[in-house]
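The next block holds one structure in the form of structure tokens; read it before the comments.
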Amino acid sequence: MPIGDLQYCIRIINNYKQELVDSNWYQTFINTLQDYHSSFDEIRCLALGKISDAVNPRFQLALLLLLQEQYHPKRITAWDPVFNDMDRDILSHFNIVVTEETPEQTCKAATLWYIPHGPMSMIESLIPTIQQDLYIGNNLLELDLEKTSPQSLAYSKKARITPINTNKKERWFQAFNSMAIHALSN
């Protein structure tokens with residue numbers, strides 16, 4: 001099958017979903033996430049990457065789909081300037097709305113921000129927006145202090161941050177390494 005075939009990609013992503021569900025890692029992740037929050041009105045996914053071309057974005061999408069099943073948000077949106085037509089078709093198949101809204105656009109609902117390995121410059125620009133919500137993405141405890149904005153440092157000091165531990169032997173290690181769950185302490 002060609003790597004870019006829509007049905008092939010969908011089948012692979014569903015297989016990755018099942019692989020994650022069957023893992024101890026996923027159960028630990030969901031239990032940790034439930035300690036933070038029990039419901040979300042919206043999931044906003046940014047910087048997912050080229051789903052049609054690469055393994056890591058497919059695993060990251062598989063986790064997004066599992067979050068959808070777990071929390072039943074009213075809306076899931078995805079934004080990445082690298083999305084191509086195949087990526088949009090894949091996301092549409094899974095009822096995820098590809099949006100052209102800028103990442104900085106404020107969500108009015110309780111939002112889970114899912115930004116797997118987004119560029120640090122983007123994360124820093126979003127701190128004012130995401131700090132009232134839950135954020136899953138780059139572990140802000142691993143910031144390069146010399147290159148980090150004062151705003152990001154302040155947030156990382158106030159936030160409750162739990163690393164998403166992955167085992168290097170798992171196929172999805174690179175998809176989720178150096179990520180964490182972040183929320184301001186109540």
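By convention in this document, the chains of the structure tokens carry letters A, B, ... by their order, each chain's residues are numbered from 1, and ligands are numbered from 1 in the order they are shown.
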*Name the residues of chain A that fall into strand (DSSP E) according to DSSP on the backbone, using the chain letters and numbers of this document, as a PyMOL selection string.*
chain A and resi 42-46+75-79+97-98+111-115+134-138+159-163+179-184
May I have the selected residues written with C-alpha atoms, as a PDB file, in the first residue's frame?
ATOM      1  CA  GLU A  42     -12.878  21.680  23.628  1.00  0.00           C
ATOM      2  CA  ILE A  43      -9.586  20.113  22.656  1.00  0.00           C
ATOM      3  CA  ARG A  44      -7.327  22.375  20.628  1.00  0.00           C
ATOM      4  CA  CYS A  45      -4.509  20.503  18.885  1.00  0.00           C
ATOM      5  CA  LEU A  46      -1.600  22.446  17.433  1.00  0.00           C
ATOM      6  CA  ARG A  75     -15.348  20.309  19.626  1.00  0.00           C
ATOM      7  CA  ILE A  76     -11.866  19.262  18.560  1.00  0.00           C
ATOM      8  CA  THR A  77      -9.847  21.514  16.322  1.00  0.00           C
ATOM      9  CA  ALA A  78      -6.435  21.028  14.763  1.00  0.00           C
ATOM     10  CA  TRP A  79      -4.062  23.573  13.300  1.00  0.00           C
ATOM     11  CA  VAL A  97     -12.072  20.277  12.445  1.00  0.00           C
ATOM     12  CA  VAL A  98      -9.013  21.694  10.712  1.00  0.00           C
ATOM     13  CA  THR A 111      -9.979  23.733  26.840  1.00  0.00           C
ATOM     14  CA  LEU A 112      -7.397  21.003  26.720  1.00  0.00           C
ATOM     15  CA  TRP A 113      -4.441  22.289  24.683  1.00  0.00           C
ATOM     16  CA  TYR A 114      -2.651  19.375  23.033  1.00  0.00           C
ATOM     17  CA  ILE A 115       0.565  20.577  21.435  1.00  0.00           C
ATOM     18  CA  LEU A 134      -4.810  22.331  30.723  1.00  0.00           C
ATOM     19  CA  TYR A 135      -1.812  21.948  28.425  1.00  0.00           C
ATOM     20  CA  ILE A 136      -0.208  18.716  27.221  1.00  0.00           C
ATOM     21  CA  GLY A 137       3.010  19.263  25.337  1.00  0.00           C
ATOM     22  CA  ASN A 138       6.650  20.222  25.737  1.00  0.00           C
ATOM     23  CA  ALA A 159       2.090  25.420  37.215  1.00  0.00           C
ATOM     24  CA  ARG A 160       1.656  21.873  38.380  1.00  0.00           C
ATOM     25  CA  ILE A 161       3.691  19.894  35.849  1.00  0.00           C
ATOM     26  CA  THR A 162       3.753  16.108  35.550  1.00  0.00           C
ATOM     27  CA  PRO A 163       6.125  14.598  32.979  1.00  0.00           C
ATOM     28  CA  MET A 179       6.184  16.000  27.141  1.00  0.00           C
ATOM     29  CA  ALA A 180       4.193  16.785  30.276  1.00  0.00           C
ATOM     30  CA  ILE A 181       0.749  17.673  31.590  1.00  0.00           C
ATOM     31  CA  HIS A 182       0.599  21.309  32.807  1.00  0.00           C
ATOM     32  CA  ALA A 183      -2.004  23.243  34.785  1.00  0.00           C
ATOM     33  CA  LEU A 184      -1.967  26.107  37.216  1.00  0.00           C
TER      34      LEU A 184
END
*Smallest atom-to-atom distance to A:Ser152: which of A:Gln60, A:Val82, A:Gln131, A:His72, using only C-alpha atoms?*
A:Gln131
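When only C-alpha atoms are used to measure the gap to A:Ala109, the shortest distance among A:Leu66, A:Leu48, A:Ser39, A:Gln174 belongs to A:Ser39.
We find atom CA of A:Leu64 and atom CA of A:Pro116 to be spaced 10.0 Å apart.
With only C-alpha atoms taken into account, the protein and nucleic acid residues at most 12 Å from A:Ile10 (excluding it and anything under 4 positions from it in its own chain) are Ile3, Gly4, Asp5, Leu6, Asn14, Asn15, Tyr16, Lys17, Ile51, Ser52, Arg58, Phe59, Leu61, Ala62, Leu65, Met86, Asp87, Asp89, Ile90, Leu91, Ser92, His93 and Phe94 of chain A.
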*Would you please give, as a VMD selection string, all residues of stretch 76-142 of chain A that DSSP assigns to alpha helix (DSSP H) based on the backbone?*
chain A and resid 85 to 93 120 to 130
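Minimum atom-to-atom distance to A:Thr32, evaluated using only C-alpha atoms, belongs to A:Ile164 out of A:Asn177, A:Asn95, A:Trp172, A:Ile164.
Among the candidates A:Asn167, A:Asn24, A:Thr148, A:Gln68, the residue lying nearest to A:Phe40 is A:Gln68 (atoms considered: only C-alpha atoms).
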*asked:* Just to confirm, what's the straight-line distance from atom CA of A:Leu141 to atom CA of A:Ser156 in Å (one decimal)?
replied: 6.5 Å
*Point-to-point distance in Å for atom CA of A:Leu67 and atom CA of A:Gln34*: 11.0 Å
